[in-house]
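> Right, I'll just put the structure down here and ask away after.
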Amino acid sequence: MNQEIDLETALRRALKREHPRADFAKRVLARAAERRRQAATRVWMAIAAMLVAGVLIAAGMRNYELQREAEAQKAGHDLALALRITSAKLHLTHRMIRRRPDGV
Amino acid sequence: MEFKWRIAPLLIVLAARLHAAPRPVDLKDLDSHALAAFAAKASNTVDVTLDGNVLKMAAGFISSSGDEDAVKLKKLIAGVKSITVRTFEFKTKGQYSKADVDAIRKQLKTPEWSSIVTVNDKESGETSEVYVLGGKDKPGGILIISAEPTELTFVQILGTVDISDLSAFEDLGVPDVTHHGKKEDK
């Protein structure tokens, strides 16, 4: 019988309603606000990372484009130079042939 | 099945022979020591090598203007596989010998090249040789060796090209860039 009373007392004590500390609500709200702030920061950081990646990709593509353009320009100049020299040498050969007394 | 195995070695030998068929010596693959000797004495050099994608890129750049001359030029080089030009300018006469030029000619002028003109002007000391690869009607390449007292030029164009069109190139409205790529006077 005594044991039953002890158990009941123990249960009553354990299940006794306790009031939270005075700053409990304040701390819960502050934690929720902090979580919201962290989530927003993560979103903004992701957006910023995407923007930086986009800018880097665009800059890389533009750089590649400029490089190809410079290479094409150099190749074009080289081609013009090569053909001009070739033509000049063919003209020289022509002139030399015409200068010959037999005029072949 | 047995027959296939019997002809396999024959096919291998045939493929090897085709692969080893004589090909024109490319000016750009020429022994660099031979040309380096000229370059060492030259006051100006022009070294142009255009082939494959670079040639396509060059043609694309020149023809991008879309004018009549550009179209002609694009047509002119449509069948060209490679263009190699080596020019050496010397400040004084006698910087190279005939034997030096003969050595280069010996390497370049393989039996596939036929001479179409060789002019030797003893008075001016100029020599000009033009060779074509394959048939004269539609040559598969042009080799020019021009030796002047103070200038030596080797030009090799591989691929189909019309010599008369090439001669007319000076008349096309492409800007004169003759001094582009020359090395500084020593």
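How things are named: the first chain in the structure tokens is A, the next is B, and so on; residues count from 1 in each chain; ligands count from 1 in the order shown.
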Can you work out which residues from chain A touch chain B at a cut-off of 7 Å (counting only C-alpha atoms) and hand them back as a PDB file with C-alpha atoms, in the first residue's frame?


ATOM      1  CA  ALA A  72      41.795  34.979 -87.491  1.00  0.00           C
ATOM      2  CA  GLN A  73      43.075  38.511 -88.091  1.00  0.00           C
ATOM      3  CA  ALA A  75      45.977  34.402 -90.161  1.00  0.00           C
ATOM      4  CA  GLY A  76      44.270  36.749 -92.633  1.00  0.00           C
ATOM      5  CA  HIS A  77      47.275  39.072 -92.658  1.00  0.00           C
ATOM      6  CA  ASP A  78      49.632  36.124 -93.096  1.00  0.00           C
ATOM      7  CA  LEU A  79      47.554  34.825 -95.987  1.00  0.00           C
ATOM      8  CA  ALA A  80      47.526  38.225 -97.699  1.00  0.00           C
ATOM      9  CA  LEU A  81      51.281  38.520 -97.179  1.00  0.00           C
ATOM     10  CA  ALA A  82      51.983  35.016 -98.500  1.00  0.00           C
ATOM     11  CA  LEU A  83      49.854  35.520-101.599  1.00  0.00           C
ATOM     12  CA  ARG A  84      51.336  38.954-102.226  1.00  0.00           C
ATOM     13  CA  THR A  86      53.899  34.645-104.337  1.00  0.00           C
ATOM     14  CA  SER A  87      52.312  36.991-106.830  1.00  0.00           C
ATOM     15  CA  LYS A  89      57.677  36.430-107.466  1.00  0.00           C
ATOM     16  CA  LEU A  90      55.520  35.240-110.362  1.00  0.00           C
ATOM     17  CA  HIS A  91      55.539  38.794-111.750  1.00  0.00           C
ATOM     18  CA  THR A  93      59.621  35.686-113.299  1.00  0.00           C
ATOM     19  CA  MET A  96      62.727  38.272-116.350  1.00  0.00           C
ATOM     20  CA  ILE A  97      61.318  36.239-119.224  1.00  0.00           C
TER      21      ILE A  97
END

> Please identify which residues in region 30-135 of chain B DSSP calls strand (DSSP E) from the backbone, and express them as number ranges by chain.

B: 44-51, 80-89, 113-121, 126-133

> For Arg99 (chain A), which residue out of B:Glu123, B:Gly159, B:Gln107, B:Leu133 is the nearest one, using only C-alpha atoms?

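For Arg99 (chain A), the nearest of the candidates is B:Glu123.
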
> Can you tell me how far CA of Ala39 (chain A) sits from CA of Ala53 (chain A), in Å to one decimal?

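Between CA of Ala39 (chain A) and CA of Ala53 (chain A) the gap works out to 21.1 Å.
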
> If we count only C-alpha atoms and set the cut-off at 7 Å, which residues sit around Glu112 (chain B), ignoring sequence neighbours fewer than 2 positions away in its own chain? Please answer as number ranges by chain.

B: 24, 110, 114, 133-134

> Put those residues in a file: N, CA and C atoms, as a PDB file, in the first residue's frame.


ATOM      1  N   PRO B  24      55.256  14.921-101.852  1.00  0.00           N
ATOM      2  CA  PRO B  24      56.123  16.101-101.966  1.00  0.00           C
ATOM      3  C   PRO B  24      56.640  16.533-100.603  1.00  0.00           C
ATOM      4  N   THR B 110      61.398  17.121-105.468  1.00  0.00           N
ATOM      5  CA  THR B 110      61.315  15.666-105.632  1.00  0.00           C
ATOM      6  C   THR B 110      60.775  15.394-107.043  1.00  0.00           C
ATOM      7  N   SER B 114      57.398  19.217-111.609  1.00  0.00           N
ATOM      8  CA  SER B 114      57.895  19.443-112.971  1.00  0.00           C
ATOM      9  C   SER B 114      58.192  20.920-113.122  1.00  0.00           C
ATOM     10  N   LEU B 133      53.283  20.740-109.331  1.00  0.00           N
ATOM     11  CA  LEU B 133      53.123  19.362-108.875  1.00  0.00           C
ATOM     12  C   LEU B 133      52.045  18.706-109.725  1.00  0.00           C
ATOM     13  N   GLY B 134      52.361  17.563-110.305  1.00  0.00           N
ATOM     14  CA  GLY B 134      51.379  16.856-111.129  1.00  0.00           C
ATOM     15  C   GLY B 134      51.228  17.529-112.482  1.00  0.00           C
TER      16      GLY B 134
END

> Find the distance between CA of Ala78 (chain B) and CA of Leu35 (chain B) and write it in Å to one decimal.

28.9 Å

> If you measure from CA of Lys81 (chain B) to CA of Leu158 (chain B), what distance in Å do you get, rounded to one decimal?

5.5 Å
